[in-house]
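> Below is the file work.cif, which contains mmCIF, C-alpha atoms.
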```cif
data_run
#
loop_
_atom_site.label_atom_id
_atom_site.label_comp_id
_atom_site.auth_asym_id
_atom_site.auth_seq_id
_atom_site.Cartn_x
_atom_site.Cartn_y
_atom_site.Cartn_z
CA MET A 267 -18.49 197.32 22.20
CA THR A 268 -18.87 198.16 25.87
CA VAL A 269 -15.91 200.01 27.33
CA ASP A 270 -15.14 200.32 31.02
CA THR A 271 -13.94 203.89 31.25
CA THR A 272 -13.55 204.85 34.85
CA GLY A 273 -12.68 201.72 36.71
CA SER A 274 -16.12 201.31 38.23
CA PRO A 275 -18.18 198.38 36.96
CA THR A 276 -21.19 200.68 36.85
CA ASP A 277 -19.44 203.18 34.59
CA LEU A 278 -19.59 201.60 31.18
CA LEU A 279 -19.60 203.43 27.89
CA GLU A 280 -21.37 201.99 24.86
CA VAL A 281 -19.26 202.52 21.75
CA ASP A 282 -20.05 201.43 18.19
CA ASP A 283 -17.72 198.71 16.99
CA ASP A 284 -16.57 200.90 14.10
CA ALA A 285 -16.15 204.05 16.20
CA ASP A 286 -12.80 205.82 16.38
CA LEU A 287 -11.96 205.05 19.98
CA ILE A 288 -9.28 207.76 20.20
CA GLU A 289 -11.88 210.37 19.25
CA VAL A 290 -14.49 208.92 21.58
CA LEU A 291 -12.07 209.11 24.49
CA ALA A 292 -10.84 212.56 23.48
CA SER A 293 -14.42 213.84 23.51
CA HIS A 294 -14.43 213.02 27.23
CA GLY A 295 -10.99 214.52 27.81
CA TRP A 296 -9.38 211.09 28.13
CA GLY A 297 -6.37 209.50 26.52
CA ASP A 298 -2.85 210.62 25.66
CA GLY A 299 -3.43 211.22 21.96
CA LEU A 300 -2.27 207.77 20.86
CA PRO A 301 -4.40 204.75 19.92
CA VAL A 302 -5.57 202.68 22.88
CA VAL A 303 -6.76 199.15 23.45
CA ALA A 304 -10.48 199.24 24.27
CA PRO A 305 -10.82 198.45 27.97
CA THR A 306 -13.77 196.10 27.64
CA SER A 307 -15.02 194.33 30.74
CA GLU A 308 -13.57 191.07 29.42
CA ARG A 309 -10.11 192.54 28.92
CA VAL A 310 -10.13 194.31 32.26
CA GLY A 311 -11.18 191.10 33.96
CA ALA A 312 -8.34 189.24 32.30
CA MET A 313 -5.93 191.98 33.34
CA LEU A 314 -7.03 191.72 36.97
CA ALA A 315 -5.92 188.09 36.99
CA GLY A 316 -2.44 189.58 37.32
CA CYS A 317 -3.30 190.60 40.88
CA ASN A 318 -3.97 187.02 42.01
CA GLY A 319 -7.36 187.58 43.60
CA HIS A 320 -6.59 190.76 45.50
CA ASP A 321 -9.67 192.96 45.88
CA PRO A 322 -10.22 194.96 42.66
CA GLU A 323 -12.16 197.62 44.55
CA GLU A 324 -9.51 198.21 47.20
CA VAL A 325 -8.05 201.70 46.97
CA VAL A 326 -4.32 201.35 46.38
CA ALA A 327 -3.72 205.10 46.65
CA SER A 328 -5.40 208.47 46.39
CA LEU A 329 -3.54 210.51 43.79
CA PRO A 330 -3.34 214.33 43.63
CA PRO A 331 -4.16 216.81 42.26
CA ARG A 332 -7.72 215.47 41.95
CA PHE A 333 -7.19 212.88 44.70
CA GLY A 334 -8.73 210.28 42.48
CA GLN A 335 -8.95 206.83 43.98
CA ALA A 336 -6.65 204.39 42.26
CA THR A 337 -8.29 201.03 42.83
CA ARG A 338 -6.82 197.92 41.26
CA LEU A 339 -9.77 198.03 38.88
CA ALA A 340 -9.01 201.59 37.77
CA ILE A 341 -5.34 200.68 37.40
CA ALA A 342 -6.29 197.63 35.33
CA VAL A 343 -8.50 199.71 33.01
CA ASN A 344 -5.60 202.01 32.23
CA ALA A 345 -3.23 199.04 31.91
CA VAL A 346 -5.47 197.55 29.23
CA MET A 347 -5.68 200.88 27.40
CA ALA A 348 -1.88 201.20 27.38
CA GLY A 349 -1.29 197.68 26.08
CA CYS A 350 -0.08 195.97 29.25
CA LEU A 351 -0.19 192.25 29.98
CA PRO A 352 -1.50 190.82 33.27
CA ASP A 353 2.08 190.16 34.41
CA HIS A 354 2.67 193.92 34.32
CA LEU A 355 -0.19 194.75 36.67
CA PRO A 356 1.61 194.07 39.99
CA VAL A 357 4.42 196.37 38.82
CA LEU A 358 1.92 199.07 37.97
CA VAL A 359 0.05 198.69 41.27
CA SER A 360 3.35 198.96 43.16
CA ALA A 361 4.33 202.00 41.11
CA VAL A 362 1.08 203.69 42.11
CA ARG A 363 1.89 203.01 45.78
CA ALA A 364 5.28 204.64 45.28
CA LEU A 365 3.71 207.63 43.51
CA ALA A 366 1.53 208.28 46.55
CA HIS A 367 4.39 208.24 49.07
CA PRO A 368 4.56 211.65 50.78
CA ASP A 369 8.30 211.99 50.12
CA LEU A 370 7.64 211.92 46.39
CA ASN A 371 5.39 215.02 46.55
CA LEU A 372 3.16 214.07 43.64
CA ARG A 373 1.04 217.18 44.05
CA GLY A 374 4.11 219.30 43.42
CA VAL A 375 5.33 217.07 40.62
CA ASN A 376 2.05 217.54 38.77
CA ALA A 377 1.59 221.22 39.55
CA THR A 378 5.04 222.53 38.67
CA THR A 379 5.91 224.34 35.46
CA HIS A 380 9.02 222.07 35.25
CA CYS A 381 9.12 219.22 32.72
CA VAL A 382 9.39 216.52 35.43
CA ALA A 383 7.97 213.05 34.78
CA PRO A 384 7.97 210.02 37.05
CA LEU A 385 10.58 207.50 35.88
CA LEU A 386 9.57 203.95 36.81
CA VAL A 387 12.54 201.64 37.33
CA VAL A 388 11.87 197.90 37.67
CA HIS A 389 14.26 195.85 39.78
CA GLY A 390 14.78 192.15 40.41
CA ASP A 391 13.00 188.97 39.40
CA VAL A 392 9.93 190.59 37.86
CA ALA A 393 12.08 192.37 35.32
CA ARG A 394 13.01 188.97 33.93
CA THR A 395 9.69 187.18 34.35
CA ALA A 396 7.51 189.98 32.97
CA GLY A 397 9.85 191.07 30.18
CA TYR A 398 11.14 194.45 31.39
CA HIS A 399 14.21 195.54 29.46
CA GLY A 400 17.35 197.06 30.95
CA GLY A 401 19.80 196.28 28.16
CA LEU A 402 20.63 197.86 24.81
CA GLY A 403 18.40 200.86 24.10
CA ALA A 404 16.56 200.41 27.39
CA PHE A 405 15.16 203.95 27.53
CA GLY A 406 13.92 203.66 23.95
CA PRO A 407 11.27 201.71 22.03
CA GLY A 408 11.03 197.98 21.48
CA SER A 409 10.01 196.50 24.83
CA ARG A 410 6.27 196.04 25.32
CA ALA A 411 6.69 195.83 29.09
CA ASN A 412 8.64 199.09 29.32
CA ALA A 413 6.49 200.98 26.81
CA ALA A 414 3.09 199.81 27.99
CA THR A 415 3.76 200.06 31.73
CA GLY A 416 5.30 203.50 31.41
CA ARG A 417 2.37 204.65 29.31
CA ALA A 418 -0.14 203.11 31.71
CA LEU A 419 1.36 205.04 34.59
CA ARG A 420 0.90 208.28 32.64
CA LEU A 421 -2.70 207.32 31.77
CA ILE A 422 -3.33 206.78 35.49
CA LEU A 423 -1.91 210.24 36.19
CA LEU A 424 -4.20 211.72 33.51
CA HIS A 425 -7.38 209.79 34.27
CA VAL A 426 -7.20 209.09 38.01
CA ALA A 427 -4.92 211.81 39.38
CA GLY A 428 -6.29 214.45 37.02
CA ALA A 429 -2.88 215.63 35.86
CA THR A 430 -4.17 217.05 32.60
CA PRO A 431 -2.20 219.87 31.02
CA GLY A 432 -3.65 223.22 32.06
CA ASP A 433 -5.84 222.52 35.05
CA GLY A 434 -3.82 219.67 36.57
CA ASP A 435 -0.33 219.83 35.09
CA ALA A 436 1.30 223.23 34.65
CA SER A 437 4.44 222.09 32.80
CA THR A 438 5.56 224.91 30.52
CA GLN A 439 6.80 222.65 27.72
CA GLY A 440 5.83 219.17 28.85
CA GLY A 441 8.28 216.58 27.61
CA PRO A 442 8.55 213.24 25.83
CA ALA A 443 9.06 211.45 29.16
CA LYS A 444 5.48 212.40 30.04
CA PHE A 445 4.20 209.88 27.47
CA GLY A 446 5.89 207.02 29.29
CA PHE A 447 9.16 206.58 31.20
CA CYS A 448 9.92 203.05 32.32
CA VAL A 449 13.09 201.01 32.31
CA ALA A 450 14.62 198.02 34.08
CA GLU A 451 17.82 198.04 36.09
CA ASN A 452 20.34 195.82 34.28
CA LEU A 453 21.16 193.71 37.31
CA GLU A 454 22.82 190.96 35.27
CA ALA A 455 25.38 193.46 33.96
CA SER A 456 25.85 195.32 37.22
CA PRO A 457 29.04 194.81 39.21
CA TRP A 458 27.25 195.88 42.38
CA THR A 459 24.32 194.65 44.43
CA GLY A 460 20.88 195.59 43.18
CA TYR A 461 19.77 199.18 43.58
CA ALA A 462 16.68 198.33 45.67
CA ALA A 463 18.76 196.47 48.26
CA SER A 464 21.20 199.39 48.33
CA VAL A 465 18.40 201.66 49.54
CA GLY A 466 17.14 199.14 52.08
CA VAL A 467 14.39 197.38 50.14
CA GLU A 468 15.15 193.67 50.40
CA ALA A 469 12.59 192.03 48.13
CA PRO A 470 12.76 189.69 45.14
CA SER A 471 11.25 192.44 43.00
CA ALA A 472 10.90 196.16 43.54
CA VAL A 473 10.12 199.40 41.75
CA THR A 474 11.58 202.87 42.11
CA ILE A 475 9.91 206.09 41.10
CA HIS A 476 12.33 208.95 40.47
CA CYS A 477 10.67 212.19 39.36
CA GLY A 478 13.11 213.83 37.02
CA GLU A 479 14.02 215.19 33.64
CA ALA A 480 14.63 213.16 30.53
CA PRO A 481 18.09 211.49 30.47
CA HIS A 482 21.13 213.71 29.82
CA ASN A 483 23.72 211.75 27.86
CA VAL A 484 27.28 211.23 29.12
CA HIS A 485 29.65 210.06 26.40
CA ASP A 486 33.06 208.65 27.29
CA MET A 487 34.87 206.30 24.92
CA GLU A 488 38.35 207.26 26.05
CA SER A 489 38.75 206.75 29.77
CA SER A 490 40.23 203.65 31.29
CA SER A 491 39.83 204.90 34.85
CA PRO A 492 36.80 205.81 36.95
CA THR A 493 37.89 209.42 37.32
CA GLY A 494 37.87 210.11 33.58
CA ILE A 495 34.35 208.77 33.21
CA LEU A 496 32.98 210.28 36.38
CA ASP A 497 34.42 213.72 35.69
CA LYS A 498 32.24 213.76 32.58
CA VAL A 499 29.24 212.58 34.60
CA ALA A 500 29.99 215.41 37.03
CA SER A 501 30.08 217.91 34.18
CA ALA A 502 26.58 216.81 33.14
CA MET A 503 25.42 217.37 36.71
CA ALA A 504 27.06 220.73 37.26
CA THR A 505 24.83 223.24 35.51
CA THR A 506 22.72 226.15 36.68
CA ALA A 507 19.96 225.07 34.29
CA GLN A 508 18.51 222.50 36.70
CA ASN A 509 16.18 222.92 39.66
CA ASN A 510 18.65 220.91 41.74
CA ALA A 511 21.18 223.73 41.51
CA CYS A 512 19.24 225.78 44.04
CA ILE A 513 17.63 222.92 46.02
CA SER A 514 20.09 220.92 48.09
CA GLN A 515 17.73 218.00 48.73
CA GLY A 516 17.60 217.35 44.98
CA GLU A 517 18.62 213.96 43.69
CA TYR A 518 20.51 212.76 40.64
CA LEU A 519 19.85 209.34 39.22
CA VAL A 520 23.05 208.33 37.46
CA ALA A 521 22.35 205.46 35.07
CA LEU A 522 25.77 204.03 34.30
CA CYS A 523 26.12 201.79 31.26
CA PRO A 524 27.62 198.37 32.03
CA GLU A 525 31.02 199.25 30.54
CA HIS A 526 31.38 202.45 32.55
CA ALA A 527 30.24 200.63 35.68
CA ALA A 528 32.75 197.84 35.04
CA THR A 529 35.58 200.35 34.69
CA CYS A 530 34.67 201.73 38.12
CA ALA A 531 34.20 198.35 39.77
CA ASP A 532 37.36 196.87 38.25
CA ALA A 533 39.29 199.70 39.92
CA GLY A 534 37.75 198.70 43.24
CA TRP A 535 35.13 201.44 43.42
CA SER A 536 31.86 200.66 45.15
CA ARG A 537 28.54 202.33 44.33
CA GLY A 538 29.12 204.55 47.36
CA ASP A 539 32.58 205.50 46.12
CA VAL A 540 31.08 206.61 42.81
CA ALA A 541 28.49 208.75 44.60
CA SER A 542 31.09 210.26 46.92
CA TYR A 543 33.38 211.14 44.02
CA LEU A 544 30.53 212.76 42.10
CA PHE A 545 29.55 214.70 45.21
CA GLN A 546 33.09 216.09 45.35
CA ARG A 547 33.48 216.76 41.63
CA ALA A 548 30.03 218.01 40.56
CA ARG A 549 30.41 221.54 41.89
CA LEU A 550 30.02 225.13 40.79
CA PRO A 551 31.44 228.33 42.25
CA VAL A 552 29.22 229.67 45.01
CA GLY A 553 29.33 233.13 43.48
CA GLU A 554 28.04 231.79 40.16
CA LEU A 555 25.19 230.00 41.90
CA LYS A 556 24.32 233.10 43.93
CA ARG A 557 24.19 235.16 40.74
CA ALA A 558 21.92 232.58 39.15
CA PHE A 559 19.57 232.18 42.11
CA ALA A 560 18.60 234.96 44.48
CA HIS A 561 16.91 232.40 46.70
CA ARG A 562 18.48 229.02 47.41
CA ALA A 563 16.82 226.17 49.28
CA TRP A 564 20.19 225.01 50.55
CA THR A 565 20.99 223.15 53.71
CA PRO A 566 22.56 225.47 56.35
CA TRP A 567 26.13 224.29 55.82
CA MET A 568 25.87 225.10 52.12
CA GLN A 569 24.42 228.55 52.89
CA SER A 570 27.60 229.25 54.88
CA LEU A 571 29.89 228.68 51.88
CA GLN A 572 31.76 231.76 50.60
CA ASP A 573 31.71 233.07 47.03
CA GLY A 574 35.17 231.78 46.21
CA GLU A 575 34.36 228.24 47.28
CA ALA A 576 32.73 225.49 45.22
CA ALA A 577 29.28 224.26 46.19
CA PRO A 578 28.15 220.69 45.48
CA MET A 579 25.13 220.23 43.23
CA THR A 580 23.29 218.47 46.03
CA GLY A 581 23.54 218.49 49.81
CA HIS A 582 24.66 214.90 50.43
CA PRO A 583 26.35 212.06 48.52
CA ASP A 584 23.33 209.83 49.25
CA ASN A 585 21.30 212.08 46.95
CA ILE A 586 23.34 210.73 44.04
CA ARG A 587 21.65 207.44 43.12
CA ILE A 588 23.68 204.97 41.09
CA MET A 589 22.33 202.08 39.03
CA VAL A 590 23.28 200.19 35.86
CA VAL A 591 21.15 200.55 32.72
CA GLY A 592 21.85 199.82 29.07
CA GLY A 593 23.88 197.52 26.85
CA ALA A 594 27.12 197.56 24.90
CA GLY A 595 28.83 200.88 24.32
CA ARG A 596 30.07 203.69 26.52
CA HIS A 597 27.16 206.06 27.03
CA SER A 598 25.68 206.69 30.46
CA SER A 599 23.11 209.23 31.55
CA VAL A 600 22.24 211.66 34.30
CA ILE A 601 18.61 212.20 35.26
CA PRO A 602 18.31 215.25 37.55
CA SER A 603 15.29 215.29 39.79
CA TRP A 604 12.73 218.07 39.85
CA GLY A 605 14.22 219.13 43.18
CA MET A 606 11.35 219.14 45.65
CA THR A 607 10.85 215.40 45.45
CA ARG A 608 12.55 212.27 46.74
CA SER A 609 12.79 208.96 44.92
CA VAL A 610 10.79 206.12 46.45
CA THR A 611 11.49 202.37 46.22
CA VAL A 612 8.89 199.78 47.24
CA PRO A 613 8.57 196.00 46.89
CA VAL A 614 6.46 194.67 44.05
CA GLU A 615 3.24 193.45 45.66
CA PRO A 616 -0.06 192.97 43.86
CA MET B 187 -4.98 226.34 50.47
CA LYS B 188 -3.69 224.48 53.52
CA LEU B 189 -4.35 227.61 55.58
CA GLU B 190 -7.91 227.90 54.30
CA GLY B 191 -8.43 224.21 54.88
CA ALA B 192 -7.24 224.73 58.46
CA GLY B 193 -9.88 227.40 58.98
CA ILE B 194 -7.63 230.43 58.57
CA PRO B 195 -9.26 232.95 56.20
CA THR B 196 -7.10 233.05 53.10
CA VAL B 197 -6.88 234.84 49.80
CA LEU B 198 -4.83 233.04 47.17
CA VAL B 199 -2.94 235.17 44.67
CA ALA B 200 -2.22 233.51 41.32
CA THR B 201 -0.97 234.81 38.02
CA GLY B 202 -3.51 234.92 35.23
CA GLU B 203 -1.78 232.17 33.22
CA LEU B 204 -1.99 229.80 36.18
CA ARG B 205 -5.49 230.77 37.31
CA LEU B 206 -7.05 227.65 35.78
CA LEU B 207 -4.66 225.45 37.76
CA ALA B 208 -5.41 227.42 40.94
CA ASP B 209 -9.18 227.11 40.44
CA GLN B 210 -8.99 223.38 39.73
CA THR B 211 -6.61 222.68 42.62
CA ALA B 212 -8.90 224.53 45.01
CA ALA B 213 -11.87 222.52 43.75
CA ASP B 214 -9.90 219.27 44.07
CA LEU B 215 -9.19 220.14 47.69
CA GLY B 216 -12.85 220.84 48.41
CA LEU B 217 -12.31 224.60 48.39
CA ALA B 218 -14.26 225.54 45.28
CA GLY B 219 -15.29 228.85 46.87
CA LEU B 220 -11.74 229.86 47.74
CA ARG B 221 -11.08 233.55 47.22
CA ILE B 222 -8.54 233.83 44.40
CA VAL B 223 -7.11 237.07 43.05
CA SER B 224 -5.29 237.16 39.73
CA VAL B 225 -2.20 239.21 39.03
CA GLU B 226 -0.34 239.76 35.80
CA HIS B 227 1.81 236.84 34.62
CA PRO B 228 4.71 236.12 35.08
CA ILE B 229 6.30 236.50 38.50
CA GLY B 230 9.58 234.77 37.66
CA GLY B 231 12.22 237.00 36.07
CA VAL B 232 10.36 240.21 36.85
CA PRO B 233 12.16 243.04 38.71
CA GLU B 234 11.17 243.52 42.32
CA ALA B 235 9.77 246.98 41.63
CA ALA B 236 7.37 245.53 39.07
CA ILE B 237 6.32 242.84 41.52
CA LEU B 238 5.54 245.51 44.09
CA ASP B 239 3.48 247.39 41.49
CA ARG B 240 1.46 244.23 40.83
CA ALA B 241 0.95 243.74 44.54
CA ASP B 242 -0.17 247.35 44.92
CA ALA B 243 -2.68 246.83 42.11
CA VAL B 244 -4.50 244.05 43.97
CA VAL B 245 -3.90 244.83 47.63
CA ASP B 246 -7.24 246.63 48.01
CA GLU B 247 -9.05 243.68 46.44
CA VAL B 248 -7.25 241.27 48.78
CA LEU B 249 -8.00 243.40 51.83
CA GLY B 250 -11.59 243.79 50.70
CA LEU B 251 -12.05 240.05 50.47
CA LEU B 252 -10.53 239.56 53.91
CA THR B 253 -12.65 242.39 55.35
CA ASP B 254 -15.80 240.95 53.80
CA MET B 255 -14.96 237.65 55.44
CA ALA B 256 -14.56 239.36 58.78
CA GLY B 257 -17.88 241.12 58.29
#
```
What is this structure when it is put down as structure tokens?

Amino acid sequence: MTVDTTGSPTDLLEVDDDADLIEVLASHGWGDGLPVVAPTSERVGAMLAGCNGHDPEEVVASLPPRFGQATRLAIAVNAVMAGCLPDHLPVLVSAVRALAHPDLNLRGVNATTHCVAPLLVVHGDVARTAGYHGGLGAFGPGSRANAATGRALRLILLHVAGATPGDGDASTQGGPAKFGFCVAENLEASPWTGYAASVGVEAPSAVTIHCGEAPHNVHDMESSSPTGILDKVASAMATTAQNNACISQGEYLVALCPEHAATCADAGWSRGDVASYLFQRARLPVGELKRAFAHRAWTPWMQSLQDGEAAPMTGHPDNIRIMVVGGAGRHSSVIPSWGMTRSVTVPVEP
Amino acid sequence: MKLEGAGIPTVLVATGELRLLADQTAADLGLAGLRIVSVEHPIGGVPEAAILDRADAVVDEVLGLLTDMAG
């Protein structure tokens, strides 16, 4: 078996057919610890068909900390290893473009001791055509598209960006989201326009990268009004245990389940209304925040707040990002960002 | 590292636990010879007086590296 290991056609590794590929890769410091599909030249070539003839050698992005060059070929190698299909490749290529956007601060995301992982959200037509799942159990197992694409993005971070624990990723505890973190927006069940369009990306298909923590559950079976549900969302946001508490540019991705979103929309609330309400309700006493954080990267108007007042958990309602994810039931989630990062949405282009 | 990259002589101070990350990041940025001084880990959650003690313990080394550069 000949395995293409680095994305360059000249970098091929001869491996015995009966070799333990996980161990072979591990001996080079590659892999995520799970079994991989051997990225043979034939498989990588078939994967590249997903990019419709675009140059395999073109550098899509240079990814820190190592500033490795993510060509379509290198992306395809990792896509094969993770178990992707060719239809997933344009999503992965677009995700890499988003990762490299300066606002996202990938160098910081990889270097921090925080548990942050890039969440890849797939929007629009490609979610349907390529099998991305935004319904029941969307953040969990069962969808090849979600699992393989999320894993491929992490393999790209390990192999191309060099975000290996220790010398390239300083996360104190790591986290399960660092194995793979990909989901689709449930546009069919959303009462609002698609998320990508709401942030100004008008394209048939798009991806968002939001660098955050694993989802924090919000359970509300009881409320028949938006305020009951959103007060619980606000309670999940308002904690001193998050980086966002001392960084006012921090974002919250609020993934509302369809039933919670419907309760809000049926009462006439727009996506912006939900964000504005959460901005007002997700607050902590200034004195408590000052005791928790000697230094606060707060916008000037927040620095002027007095101890007896309540400070919002982020500096602007636009930092609270609302989308619909999941299936039946009344569980939503809050995904706080790492703080010194901004989510990035780009069109899906091969 | 941005300062060093801009031509401003720099000494980077890192805690021992994060020295590997500092060394690799410097190498990734083409600054493999960057002067790096290690201090005791951690910095977070440590009283200010202890931080000052750690700074005092390495200040001569930092100044020496800067002086050597000037020489």
> Select residues of chain A: the criterion is any atom within 7 Å of an atom of chain B, counting all atoms listed in the file; output as an mmCIF file with C-alpha atoms, in the coordinates of the input.

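Below you can see out.cif, which holds the result:
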```cif
data_model
loop_
_atom_site.group_PDB
_atom_site.id
_atom_site.type_symbol
_atom_site.label_atom_id
_atom_site.label_comp_id
_atom_site.auth_asym_id
_atom_site.auth_seq_id
_atom_site.Cartn_x
_atom_site.Cartn_y
_atom_site.Cartn_z
ATOM 1 C CA PRO A 331 -4.160 216.810 42.260
ATOM 2 C CA ARG A 332 -7.720 215.470 41.950
ATOM 3 C CA PHE A 333 -7.190 212.880 44.700
ATOM 4 C CA GLY A 432 -3.650 223.220 32.060
ATOM 5 C CA ASP A 433 -5.840 222.520 35.050
ATOM 6 C CA GLY A 434 -3.820 219.670 36.570
#
```
> Name all residues at most 8 Å from Gly349 in chain A (count all atoms listed in the file; drop same-chain ones fewer than 5 positions away) and give them as a PyMOL selection string.
chain A and resi 302-303+410+414-415+418
> Rounded to one decimal in Å, what is the spacing between CA of Leu496 in chain A and CA of Leu544 in chain A?
6.7 Å
> What's the 8 Å shell around range 193-197 of chain B, counting all atoms listed in the file, without same-chain residues fewer than 2 positions away, as a list in words?
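Neighbouring residues, sequence-local ones excluded: Met187, Leu189, Glu190, Gly191, Val199, Leu220, Arg221, Ile222, Val223, Val248, Leu251, Leu252 and Met255 of chain B.
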> Selection in question (the file shown): the PyMOL selection byres ((chain A and resi 612) around 12). Which residues does it include, as number ranges by chain?
A: 356-367, 386-390, 461-463, 465-476, 609-611, 613-616
> For the point (4.3, 238.4, 38.2) in the file's frame, write as a list in words all residues with an atom no more than 10 Å away, counting only C-alpha atoms.
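The residues near that point, listed by chain and number, are Ala200, Thr201, Gly202, Ser224, Val225, Glu226, His227, Pro228, Ile229, Gly230, Gly231, Val232, Pro233, Glu234, Ala236, Ile237, Leu238, Asp239, Arg240 and Ala241 of chain B.
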> Using CA of Gly478 in chain A and CA of Leu522 in chain A as the two end points, give the distance in Å to one decimal.
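Between CA of Gly478 in chain A and CA of Leu522 in chain A the gap works out to 16.2 Å.
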> Determine, counting all atoms listed in the file, which protein, DNA and RNA residues have an atom within 9 Å of an atom of Ala480 in chain A; residues of the same chain fewer than 4 positions away are not included. Present the result as a list in words.
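Here the qualifying residues turn out to be Cys381, Val382, Ala383, Leu385, Gly441, Pro442, Ala443, Phe447, Val600, Ile601 and Pro602 of chain A.
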> To one decimal place in Å, what is the distance between CA of Pro524 in chain A and CA of Pro384 in chain A?
23.4 Å
